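Next up, model.cif (mmCIF, C-alpha atoms):
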data_upload
#
loop_
_atom_site.label_atom_id
_atom_site.label_comp_id
_atom_site.auth_asym_id
_atom_site.auth_seq_id
_atom_site.Cartn_x
_atom_site.Cartn_y
_atom_site.Cartn_z
CA MET R 1 0.00 0.00 0.00
CA ARG R 2 2.83 2.41 0.89
CA LYS R 3 4.46 1.76 -2.47
CA ALA R 4 1.18 2.52 -4.25
CA TRP R 5 0.89 5.88 -2.50
CA TYR R 6 4.46 6.80 -3.45
CA LEU R 7 3.71 5.97 -7.09
CA THR R 8 0.63 8.18 -6.92
CA ALA R 9 2.72 10.95 -5.38
CA ILE R 10 5.16 10.74 -8.29
CA SER R 11 2.26 10.97 -10.71
CA LEU R 12 0.98 14.05 -8.93
CA ILE R 13 4.40 15.66 -9.22
CA ILE R 14 4.07 15.18 -12.97
CA VAL R 15 0.62 16.83 -12.78
CA LEU R 16 2.15 19.93 -11.26
CA ILE R 17 5.00 20.09 -13.72
CA ILE R 18 2.69 19.87 -16.70
CA LEU R 19 -0.45 21.71 -15.58
CA PRO R 20 -0.55 25.40 -14.70
CA LEU R 21 -1.58 25.33 -11.06
CA SER R 22 -3.50 27.45 -8.64
CA SER R 23 -4.41 26.56 -5.09
CA CYS R 24 -7.89 27.90 -5.62
CA ASN R 25 -10.58 28.89 -8.08
CA HIS R 26 -12.82 31.95 -8.32
CA GLY R 27 -10.22 33.90 -6.34
CA THR R 28 -10.62 31.76 -3.22
CA THR R 29 -8.08 32.50 -0.50
CA LEU R 30 -6.75 30.74 2.55
CA TYR R 31 -7.65 32.60 5.76
CA GLY R 32 -8.48 35.57 3.56
CA VAL R 33 -4.89 35.77 2.25
CA PRO R 34 -3.98 34.68 -1.30
CA ALA R 35 -2.11 31.37 -1.34
CA PRO R 36 1.58 31.63 -2.21
CA GLU R 37 2.87 31.01 -5.70
CA PHE R 38 3.83 27.43 -6.42
CA LYS R 39 7.49 26.69 -6.96
CA LEU R 40 8.81 23.61 -8.68
CA ASN R 41 11.04 22.65 -5.75
CA ASP R 42 8.00 22.87 -3.45
CA VAL R 43 5.96 20.44 -5.52
CA VAL R 44 5.86 17.47 -3.13
CA GLY R 45 5.11 19.60 -0.08
CA THR R 46 2.58 21.63 -1.99
CA ILE R 47 0.37 18.95 -3.52
CA TRP R 48 1.15 15.89 -1.46
CA ASP R 49 0.98 15.58 2.30
CA GLU R 50 2.63 12.31 3.27
CA GLU R 51 1.25 12.20 6.82
CA LEU R 52 -2.31 12.93 5.69
CA MET R 53 -2.33 10.35 2.94
CA MET R 54 -0.54 7.60 4.86
CA GLY R 55 -3.17 7.93 7.60
CA ALA R 56 -6.16 7.99 5.23
CA ASN R 57 -6.97 4.27 5.31
CA LYS R 58 -6.81 4.19 9.09
CA ARG R 59 -9.22 7.12 9.28
CA ILE R 60 -11.56 5.47 6.78
CA GLU R 61 -11.57 2.31 8.88
CA GLN R 62 -12.34 4.39 11.98
CA TYR R 63 -14.96 6.79 10.63
CA ARG R 64 -16.65 4.96 7.74
CA LYS R 65 -17.06 1.42 9.07
CA GLY R 66 -18.74 -0.27 11.99
CA ASP R 67 -19.15 -3.66 13.64
CA ALA R 68 -22.37 -5.63 13.31
CA THR R 69 -23.87 -8.87 14.56
CA ILE R 70 -26.54 -11.05 13.01
CA LEU R 71 -28.31 -13.25 15.57
CA ILE R 72 -29.91 -16.24 13.87
CA THR R 73 -32.51 -18.45 15.57
CA ASP R 74 -35.01 -21.07 14.49
CA ALA R 75 -38.78 -20.85 14.96
CA SER R 76 -38.33 -21.88 18.60
CA ASP R 77 -35.75 -19.13 19.21
CA ARG R 78 -32.85 -21.59 19.45
CA PRO R 79 -29.50 -20.42 18.02
CA VAL R 80 -28.67 -21.78 14.58
CA GLU R 81 -25.38 -22.32 12.80
CA ALA R 82 -26.01 -21.08 9.26
CA ARG R 83 -24.25 -19.73 6.20
CA VAL R 84 -24.50 -15.96 5.85
CA THR R 85 -23.88 -13.87 2.73
CA ILE R 86 -23.55 -10.11 3.23
CA GLU R 87 -23.87 -7.87 0.19
CA MET R 88 -23.71 -4.09 0.31
CA LEU R 89 -26.46 -2.28 -1.61
CA LYS R 90 -25.84 1.41 -0.91
CA HIS R 91 -23.42 3.62 1.01
CA ASP R 92 -24.67 6.04 3.63
CA PHE R 93 -21.90 8.33 2.41
CA LEU R 94 -23.10 10.32 -0.58
CA PHE R 95 -21.12 9.87 -3.78
CA GLY R 96 -22.81 12.23 -6.18
CA CYS R 97 -22.90 14.02 -9.52
CA ASN R 98 -25.23 16.48 -11.17
CA LEU R 99 -28.02 15.11 -13.35
CA LEU R 100 -28.25 18.14 -15.62
CA ASN R 101 -27.80 15.96 -18.72
CA LEU R 102 -30.38 13.33 -17.78
CA ASN R 103 -32.38 12.70 -20.99
CA GLN R 104 -30.88 15.87 -22.50
CA CYS R 105 -28.41 14.28 -24.92
CA ASN R 106 -29.04 14.31 -28.66
CA SER R 107 -29.65 10.58 -29.06
CA SER R 108 -31.42 7.81 -27.18
CA GLN R 109 -28.18 5.79 -27.02
CA LEU R 110 -26.26 8.66 -25.41
CA ASN R 111 -29.10 9.16 -22.94
CA LYS R 112 -29.02 5.48 -22.02
CA ASP R 113 -25.22 5.39 -21.70
CA TYR R 114 -25.31 8.51 -19.51
CA ALA R 115 -27.96 7.06 -17.20
CA ASP R 116 -26.24 3.66 -16.99
CA ALA R 117 -22.88 5.25 -16.14
CA PHE R 118 -24.53 7.35 -13.44
CA ILE R 119 -26.30 4.43 -11.79
CA LYS R 120 -23.15 2.30 -11.86
CA LEU R 121 -21.16 4.77 -9.76
CA PHE R 122 -23.32 7.32 -7.91
CA ASN R 123 -25.98 7.27 -5.18
CA TYR R 124 -26.62 11.04 -5.06
CA GLY R 125 -28.00 13.13 -7.90
CA ILE R 126 -28.25 16.92 -8.27
CA LEU R 127 -31.31 18.21 -10.15
CA PRO R 128 -31.41 21.70 -11.72
CA PHE R 129 -33.71 24.32 -10.19
CA PHE R 130 -31.88 27.42 -11.47
CA TRP R 131 -34.54 30.13 -11.41
CA ASP R 132 -33.89 31.39 -14.96
CA GLY R 133 -34.10 27.86 -16.37
CA TYR R 134 -36.84 26.52 -14.11
CA GLU R 135 -39.21 29.45 -14.64
CA PRO R 136 -38.34 31.07 -18.00
CA GLN R 137 -41.73 32.84 -18.01
CA PRO R 138 -43.79 33.90 -14.97
CA GLY R 139 -45.61 30.82 -13.64
CA ASP R 140 -44.35 28.62 -16.48
CA THR R 141 -42.07 26.14 -14.74
CA LEU R 142 -40.31 22.86 -15.49
CA GLU R 143 -42.13 21.20 -12.61
CA GLU R 144 -43.31 18.17 -14.60
CA THR R 145 -39.86 17.56 -16.08
CA LEU R 146 -38.16 17.75 -12.69
CA LEU R 147 -40.82 15.58 -11.05
CA ALA R 148 -40.07 12.92 -13.67
CA SER R 149 -36.31 13.22 -13.09
CA ALA R 150 -36.70 13.04 -9.31
CA THR R 151 -38.95 10.00 -9.64
CA TRP R 152 -36.39 8.31 -11.92
CA ALA R 153 -33.71 8.94 -9.31
CA LYS R 154 -35.84 7.57 -6.49
CA ASN R 155 -36.69 4.46 -8.50
CA HIS R 156 -32.95 3.80 -8.81
CA GLY R 157 -32.17 4.34 -5.13
CA ILE R 158 -30.52 7.70 -5.72
CA THR R 159 -30.67 10.38 -3.03
CA THR R 160 -31.62 13.72 -4.55
CA GLN R 161 -30.66 17.37 -4.18
CA GLY R 162 -32.36 20.39 -5.73
CA HIS R 163 -29.85 23.05 -6.83
CA PRO R 164 -30.26 26.00 -6.21
CA LEU R 165 -33.27 27.83 -4.75
CA ILE R 166 -31.71 31.29 -4.35
CA TRP R 167 -28.69 32.29 -6.43
CA ALA R 168 -28.11 35.91 -7.37
CA MET R 169 -26.57 34.91 -10.71
CA SER R 170 -29.69 33.01 -11.80
CA VAL R 171 -32.42 35.57 -12.46
CA PRO R 172 -34.97 35.31 -15.30
CA SER R 173 -35.00 38.17 -17.79
CA TRP R 174 -38.64 38.93 -16.99
CA VAL R 175 -37.92 39.77 -13.35
CA SER R 176 -38.34 43.48 -12.67
CA GLN R 177 -39.46 43.57 -9.07
CA SER R 178 -38.01 46.22 -6.84
CA PRO R 179 -35.98 45.16 -3.81
CA ASP R 180 -39.03 45.88 -1.65
CA GLU R 181 -41.10 43.35 -3.64
CA MET R 182 -38.44 40.69 -4.08
CA GLY R 183 -38.87 39.23 -0.59
CA GLU R 184 -42.38 37.95 -1.32
CA VAL R 185 -41.30 36.66 -4.73
CA GLN R 186 -38.47 34.61 -3.20
CA LYS R 187 -40.62 33.39 -0.33
CA SER R 188 -43.17 32.07 -2.84
CA ARG R 189 -40.51 30.47 -5.04
CA VAL R 190 -38.79 28.70 -2.15
CA SER R 191 -41.97 27.69 -0.34
CA ASP R 192 -43.91 26.47 -3.36
CA THR R 193 -41.00 24.55 -4.89
CA VAL R 194 -39.97 22.80 -1.68
CA LYS R 195 -43.57 21.92 -0.85
CA GLU R 196 -44.24 20.50 -4.32
CA PHE R 197 -41.15 18.28 -4.24
CA CYS R 198 -41.32 17.26 -0.57
CA GLY R 199 -40.57 13.54 -0.39
CA LEU R 200 -38.86 13.50 -3.78
CA ILE R 201 -36.02 15.93 -3.09
CA ASP R 202 -33.95 14.96 -0.04
CA TYR R 203 -31.54 17.92 0.05
CA TRP R 204 -31.93 21.52 -1.12
CA ASP R 205 -29.18 23.97 -1.96
CA VAL R 206 -31.19 26.78 -0.42
CA MET R 207 -28.70 29.64 -0.67
CA ASN R 208 -26.00 29.39 -3.28
CA GLU R 209 -22.88 31.58 -3.09
CA PRO R 210 -23.99 34.09 -0.44
CA THR R 211 -20.55 35.72 -0.45
CA LEU R 212 -21.06 37.14 -3.95
CA ALA R 213 -24.82 37.67 -3.80
CA SER R 214 -24.90 41.33 -2.80
CA ASN R 215 -22.40 42.22 -5.54
CA GLN R 216 -24.82 41.31 -8.35
CA ASP R 217 -26.47 44.31 -9.99
CA ASN R 218 -29.89 42.76 -10.65
CA PRO R 219 -33.20 42.77 -8.74
CA LEU R 220 -32.28 39.72 -6.68
CA GLY R 221 -28.76 40.92 -5.91
CA ARG R 222 -29.98 44.35 -4.87
CA TRP R 223 -32.56 42.80 -2.54
CA ILE R 224 -29.93 40.56 -0.93
CA LYS R 225 -27.65 43.56 -0.48
CA MET R 226 -30.45 45.51 1.18
CA ARG R 227 -31.42 42.63 3.49
CA THR R 228 -27.82 41.26 3.90
CA PRO R 229 -26.78 37.74 2.84
CA GLU R 230 -27.07 36.52 6.42
CA ALA R 231 -30.70 37.61 6.81
CA VAL R 232 -31.75 36.28 3.39
CA THR R 233 -30.04 32.95 4.03
CA ARG R 234 -31.74 32.58 7.41
CA ASP R 235 -35.17 33.47 5.98
CA ALA R 236 -34.78 31.14 2.99
CA LEU R 237 -33.82 28.27 5.29
CA ASP R 238 -36.89 28.99 7.42
CA TRP R 239 -39.18 29.00 4.37
CA ALA R 240 -37.77 25.70 3.12
CA TRP R 241 -37.90 24.05 6.52
CA ALA R 242 -41.49 25.15 7.14
CA ASN R 243 -42.65 23.53 3.90
CA CYS R 244 -40.74 20.25 4.21
CA PRO R 245 -39.21 19.68 7.67
CA GLU R 246 -37.76 16.31 6.63
CA ALA R 247 -35.67 17.81 3.82
CA LYS R 248 -32.03 18.62 4.55
CA LEU R 249 -30.91 22.14 3.76
CA ILE R 250 -27.55 23.27 2.37
CA VAL R 251 -25.78 26.61 2.10
CA ASN R 252 -23.20 26.41 -0.68
CA ASP R 253 -20.28 28.58 -1.83
CA TYR R 254 -17.04 28.54 -3.83
CA ASN R 255 -15.42 30.98 -1.40
CA THR R 256 -13.63 28.99 1.31
CA SER R 257 -12.28 32.06 3.11
CA ASN R 258 -13.41 33.30 6.51
CA ASP R 259 -15.94 35.54 4.73
CA TYR R 260 -18.06 32.46 4.06
CA LEU R 261 -17.36 31.02 7.49
CA SER R 262 -18.53 34.26 9.13
CA ILE R 263 -21.80 34.25 7.19
CA LEU R 264 -22.48 30.67 8.27
CA GLN R 265 -21.67 31.46 11.89
CA GLU R 266 -24.10 34.37 11.88
CA VAL R 267 -26.87 32.33 10.23
CA ILE R 268 -26.43 29.59 12.83
CA LYS R 269 -26.44 32.21 15.59
CA GLN R 270 -29.79 33.45 14.24
CA GLY R 271 -31.23 29.93 14.32
CA GLY R 272 -30.95 29.03 10.64
CA HIS R 273 -31.77 25.40 9.82
CA ILE R 274 -28.50 24.42 8.12
CA SER R 275 -28.14 20.67 7.61
CA ALA R 276 -24.89 20.73 5.61
CA VAL R 277 -22.24 23.20 4.49
CA GLY R 278 -21.52 23.09 0.78
CA ILE R 279 -17.97 23.66 -0.50
CA GLN R 280 -17.39 24.00 -4.23
CA SER R 281 -14.10 22.84 -5.71
CA HIS R 282 -13.99 23.54 -9.43
CA MET R 283 -10.32 23.08 -10.33
CA HIS R 284 -10.38 24.58 -13.82
CA THR R 285 -7.11 26.42 -13.22
CA GLY R 286 -5.27 23.52 -11.61
CA VAL R 287 -5.57 20.97 -8.85
CA TRP R 288 -5.66 21.89 -5.16
CA ARG R 289 -2.96 20.82 -2.73
CA PHE R 290 -4.04 18.27 -0.14
CA ASN R 291 -3.13 20.17 3.01
CA TYR R 292 -5.13 23.13 1.64
CA ILE R 293 -8.17 20.85 1.25
CA TRP R 294 -7.64 19.36 4.70
CA ASP R 295 -7.43 22.83 6.22
CA ILE R 296 -10.78 23.74 4.61
CA CYS R 297 -12.34 20.63 6.15
CA ASN R 298 -10.93 21.38 9.58
CA ARG R 299 -11.88 25.06 9.62
CA PHE R 300 -15.47 24.51 8.51
CA SER R 301 -15.93 21.43 10.70
CA GLN R 302 -15.78 23.75 13.71
CA LEU R 303 -19.38 24.66 12.86
CA GLY R 304 -20.44 21.18 13.97
CA ILE R 305 -22.37 20.64 10.72
CA PRO R 306 -21.60 18.00 8.04
CA LEU R 307 -19.64 19.15 5.01
CA GLN R 308 -20.44 18.39 1.38
CA PHE R 309 -17.90 18.93 -1.39
CA THR R 310 -20.65 19.90 -3.77
CA GLU R 311 -19.05 20.71 -7.13
CA VAL R 312 -15.83 18.85 -7.81
CA THR R 313 -14.08 19.40 -11.14
CA VAL R 314 -10.67 18.07 -12.16
CA LEU R 315 -9.86 18.51 -15.83
CA SER R 316 -8.48 15.97 -18.29
CA GLY R 317 -7.26 18.75 -20.57
CA ALA R 318 -5.20 21.92 -20.33
CA ALA R 319 -6.02 24.14 -17.37
CA ALA R 320 -7.56 27.56 -18.00
CA ASN R 321 -5.23 30.53 -18.31
CA ALA R 322 -7.60 32.88 -16.54
CA PRO R 323 -8.97 31.70 -13.18
CA ASN R 324 -12.24 33.60 -13.54
CA SER R 325 -12.86 32.96 -17.22
CA MET R 326 -16.53 32.40 -17.99
CA ASP R 327 -16.21 31.88 -21.75
CA HIS R 328 -18.75 29.11 -22.29
CA ASN R 329 -18.01 29.05 -26.03
CA ARG R 330 -14.42 27.95 -25.52
CA VAL R 331 -13.76 24.36 -26.50
CA TRP R 332 -11.16 22.41 -24.53
CA LYS R 333 -10.07 18.95 -25.52
CA THR R 334 -9.46 15.92 -23.39
CA THR R 335 -6.19 14.09 -24.16
CA PRO R 336 -4.91 10.62 -23.20
CA GLU R 337 -1.95 12.11 -21.32
CA ARG R 338 -4.06 14.41 -19.21
CA GLU R 339 -6.73 11.76 -18.70
CA ALA R 340 -4.00 9.68 -17.07
CA LEU R 341 -3.09 12.58 -14.80
CA GLN R 342 -6.74 13.14 -13.90
CA ALA R 343 -7.01 9.44 -13.07
CA ASN R 344 -4.09 9.69 -10.63
CA TYR R 345 -5.32 12.78 -8.80
CA VAL R 346 -9.02 11.98 -8.48
CA PRO R 347 -8.85 8.73 -6.43
CA ALA R 348 -6.38 10.36 -4.04
CA LEU R 349 -8.71 13.35 -3.65
CA TYR R 350 -11.68 11.09 -2.92
CA THR R 351 -9.62 9.07 -0.44
CA LEU R 352 -8.60 12.22 1.41
CA LEU R 353 -12.16 13.56 1.62
CA PHE R 354 -13.69 10.17 2.49
CA SER R 355 -11.25 9.93 5.38
CA HIS R 356 -12.33 13.21 7.00
CA PRO R 357 -15.02 12.61 9.66
CA SER R 358 -16.95 15.81 8.87
CA VAL R 359 -17.40 15.17 5.15
CA GLU R 360 -20.67 13.42 4.23
CA ALA R 361 -20.73 13.87 0.46
CA ILE R 362 -18.47 14.26 -2.56
CA THR R 363 -20.26 15.45 -5.68
CA TRP R 364 -18.51 15.42 -9.04
CA TRP R 365 -19.95 18.18 -11.17
CA ASP R 366 -20.15 17.15 -14.86
CA LEU R 367 -20.38 13.43 -15.54
CA SER R 368 -19.62 13.90 -19.23
CA ASP R 369 -17.64 16.38 -21.32
CA LEU R 370 -20.85 16.80 -23.33
CA ASN R 371 -22.36 20.16 -22.31
CA ALA R 372 -19.87 20.49 -19.45
CA TRP R 373 -19.61 23.83 -17.67
CA GLN R 374 -17.41 26.32 -19.59
CA GLY R 375 -16.99 23.74 -22.35
CA ALA R 376 -14.19 22.20 -20.30
CA PRO R 377 -12.96 18.57 -20.42
CA ALA R 378 -14.43 18.24 -16.95
CA GLY R 379 -16.21 14.91 -17.19
CA LEU R 380 -15.48 11.41 -16.02
CA LEU R 381 -16.88 10.41 -19.41
CA ARG R 382 -15.94 11.74 -22.83
CA ASP R 383 -18.59 13.47 -24.95
CA ASP R 384 -19.48 10.12 -26.55
CA MET R 385 -20.08 8.69 -23.02
CA SER R 386 -17.06 6.39 -23.14
CA PRO R 387 -15.41 6.24 -19.70
CA LYS R 388 -12.15 8.00 -18.97
CA PRO R 389 -9.61 6.21 -16.75
CA ALA R 390 -10.71 8.36 -13.78
CA TYR R 391 -14.23 6.93 -14.03
CA ASP R 392 -12.93 3.38 -14.00
CA ARG R 393 -10.66 4.18 -11.06
CA LEU R 394 -13.58 5.58 -9.07
CA VAL R 395 -15.74 2.54 -9.83
CA LYS R 396 -12.95 0.29 -8.56
CA LEU R 397 -12.48 2.46 -5.47
CA ILE R 398 -16.10 3.08 -4.46
CA ARG R 399 -17.73 -0.13 -5.68
CA GLY R 400 -14.69 -2.28 -5.00
CA ASP R 401 -12.31 -1.21 -2.24
CA TRP R 402 -15.05 0.61 -0.31
CA TRP R 403 -17.76 -1.97 -0.86
CA THR R 404 -18.42 -4.69 1.73
CA ARG R 405 -19.06 -8.26 0.61
CA GLU R 406 -18.74 -11.13 3.09
CA SER R 407 -19.48 -14.83 3.25
CA ILE R 408 -19.39 -16.09 6.84
CA SER R 409 -21.05 -18.58 9.16
CA SER R 410 -22.81 -18.08 12.47
CA SER R 411 -21.29 -19.78 15.49
CA SER R 412 -23.00 -22.17 17.88
CA ASP R 413 -24.62 -19.24 19.69
CA GLY R 414 -26.26 -18.18 16.43
CA LYS R 415 -24.13 -15.07 16.06
CA ALA R 416 -22.40 -13.99 12.84
CA LYS R 417 -20.13 -11.02 13.42
CA TRP R 418 -18.86 -8.75 10.64
CA ARG R 419 -17.58 -5.27 9.93
CA GLY R 420 -18.59 -3.12 7.01
CA PHE R 421 -19.02 0.33 5.56
CA TYR R 422 -22.07 2.17 6.86
CA GLY R 423 -24.98 1.64 4.54
CA LEU R 424 -27.77 -0.63 3.35
CA TYR R 425 -27.18 -4.38 3.00
CA ARG R 426 -28.86 -7.51 1.72
CA ILE R 427 -28.36 -10.43 4.09
CA THR R 428 -28.95 -13.97 2.84
CA ILE R 429 -29.09 -16.81 5.37
CA GLU R 430 -29.00 -20.46 4.32
CA PHE R 431 -29.75 -23.27 6.75
CA GLU R 432 -30.43 -26.83 5.60
CA SER R 433 -33.03 -26.39 2.84
CA ARG R 434 -34.17 -23.00 4.02
CA LYS R 435 -33.08 -19.65 2.65
CA VAL R 436 -34.03 -16.26 4.07
CA THR R 437 -33.16 -12.86 2.61
CA THR R 438 -33.56 -9.58 4.43
CA GLU R 439 -32.24 -6.01 4.25
CA VAL R 440 -30.52 -4.26 7.14
CA HIS R 441 -29.02 -0.84 7.70
CA LEU R 442 -25.57 -0.72 9.25
CA ALA R 443 -25.73 2.75 10.78
CA LYS R 444 -23.20 4.87 12.60
CA GLY R 445 -24.04 5.16 16.28
CA ALA R 446 -26.55 2.27 16.29
CA ASP R 447 -26.11 -1.05 18.11
CA ASN R 448 -26.25 -2.85 14.72
CA VAL R 449 -27.50 -6.15 16.13
CA PHE R 450 -29.88 -7.72 13.61
CA ARG R 451 -32.10 -10.62 14.65
CA VAL R 452 -33.27 -13.09 12.03
CA ARG R 453 -35.74 -15.84 12.91
CA LEU R 454 -35.87 -18.71 10.45
CA PRO R 455 -39.30 -20.13 9.59
#
Just give me the structure of the file as structure tokens.
Amino acid sequence: MRKAWYLTAISLIIVLIILPLSSCNHGTTLYGVPAPEFKLNDVVGTIWDEELMMGANKRIEQYRKGDATILITDASDRPVEARVTIEMLKHDFLFGCNLLNLNQCNSSQLNKDYADAFIKLFNYGILPFFWDGYEPQPGDTLEETLLASATWAKNHGITTQGHPLIWAMSVPSWVSQSPDEMGEVQKSRVSDTVKEFCGLIDYWDVMNEPTLASNQDNPLGRWIKMRTPEAVTRDALDWAWANCPEAKLIVNDYNTSNDYLSILQEVIKQGGHISAVGIQSHMHTGVWRFNYIWDICNRFSQLGIPLQFTEVTVLSGAAANAPNSMDHNRVWKTTPEREALQANYVPALYTLLFSHPSVEAITWWDLSDLNAWQGAPAGLLRDDMSPKPAYDRLVKLIRGDWWTRESISSSSDGKAKWRGFYGLYRITIEFESRKVTTEVHLAKGADNVFRVRLP
């Protein structure tokens, strides 16, 4: 294992030599201070943290797995020695990706390949509720389309998130309300949408990018500036919670500085119903160093709220020259060489994040290069839906290394003890000519003793 990590470290050194790097995107800073320039002789210390990565598997074992016991008895409650097969069905940890391209490709085959690739790897899907796209004309919404997408996700065991409810950069062209009127408009949008999708959408990105909201010169931005991002975020969370108390509510931002942390602290102080803190990590200008990522996790974990890395992008093509470029017409190309580099960085990134106790979700942003944000080679699939090496590596990692499968036998006291990743399992018990199958949930913090009585 140690040798494998060293080989990955060498590959990451190559990444830094070849790719133009930045420690952040969208101008993100560390503790409010721009990160230092990268130097070639600082490569290993900059991207790779030996202590962090060598301890990752130990942390995963500690934080992501638990012990369980199956107690098997016959119809008279006598212990039985039986064969037990344990098969994992779904992680509690959320491995996600956006579903913006679901049924949106230009052929039925591409649509099928996209959906199949999603189901094979992910258990968490992000559905688009951008205001300008969801309601292009007043009262004319994509409700039916999104209800169908959410139902498809539920039918495939995929946890869902609606993204986003309030985002100052997503305003329909027909909106002309004054700041004084915007409050009621947003209350109706949040309340009606959350109520309509209650039970189908599990998580909501309620307030997206509050740190930039008041800088937007449009009706929504001006209202947020007047009310303050903290007050709007708190109110929006209240509206969402009131209309679907069982839904989990996220505040999400690309800015990982203390500006974002301060907003969250104030919202919590005011009683805002925050279920998870969203942290974007679009790496269009270069990959992030691991101790920088770990510092983000540690600083935001002080809030005592789970963290979600909501928008992960690692390119398989040349990095952007301008960190804030929004040229959606630009066409970048994926290349075999850079696909190999992407495939080396991505599993290490997932391992690092999966090993942090505060992180509950990792969401890749664009599954495919087709229609990817900024036209970038940002997918795990190429634009023809063929898998890149990074996709195959993640399948092996998540559905292989981090997937529990066991075949054991109960002892004379009827107990079969095992250890697995937290999640949903199918348990099959065979005794003489009898066979019983049941599903159990191995949950963190539970006693995880499952009693099975044979007929």
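Atom CA of Thr160 of chain R lies 7.3 Å from atom CA of Leu200 of chain R.
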For this session: Kindly extract all protein, DNA and RNA residues lying within 12 Å of the coordinates (-30.3, -10.5, 1.0) given in the file, considering all atoms listed in the file, and supply them as number ranges by chain.
Result: R: 84-89, 405-407, 424-430, 435-441, 452
Exercise. Can you tell me how far atom CA of Ile268 of chain R sits from atom CA of Gln161 of chain R, in Å to one decimal?
Worked result: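 Straight-line distance from atom CA of Ile268 of chain R to atom CA of Gln161 of chain R works out to 21.4 Å.
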Problem set entry | Test item: residues at most 8 Å from Ala376 of chain R, all atoms listed in the file, excluding those fewer than 3 positions along its chain, as a list in words | His284, Leu315, Gly317, Arg330, Val331, Trp332, Lys333, Asp369, Ala372 and Trp373 of chain R
Problem set entry | Pick from R:Leu121, R:Leu381, R:Met54, R:Leu71 nearest to Lys396 of chain R, counting only C-alpha atoms |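 Nearest to Lys396 of chain R: R:Leu121.
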Exercise. Do you have the atom CA of Asn371 of chain R-atom CA of Leu99 of chain R distance handy?
Worked result: 11.7 Å
For this session: List the residues matched by the PyMOL selection byres ((chain R and resi 310) around 10) in the displayed structure as a ChimeraX atom specification, ordered by chain and then by residue number.
Result: /R:96-98,126,205,250,252-254,277-282,307-309,311-313,361-365
Exercise. Skipping near chain neighbours, those fewer than 5 positions away, what residues fall within 8 Å of segment 136-149 of chain R using only C-alpha atoms, listed as a count of residues only?
Worked result: 9
For this session: Between R:Tyr350, R:Ala242, R:Leu261, R:Ala343, single out the one closest to Asp192 of chain R, counting only C-alpha atoms.
Result: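 Going through R:Tyr350, R:Ala242, R:Leu261, R:Ala343 one by one, the smallest distance to Asp192 of chain R is for R:Ala242.
Closest approach to His356 of chain R among R:Leu237, R:Cys297, R:Leu394, R:Ala150: R:Cys297, based on all atoms listed in the file.
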For this session: Report as a PyMOL selection string the full result of the PyMOL selection byres ((chain R and resi 111-118) around 9) when it is applied to this structure.
Result: chain R and resi 96-97+99+101-110+119-123+125+367-368+381+384-387
Problem set entry | From R:Ile70, R:Glu51, R:Ala56, R:Tyr345, residue lying nearest Arg453 of chain R [all atoms listed in the file] |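 Of all the options, R:Ile70 lies closest to Arg453 of chain R.
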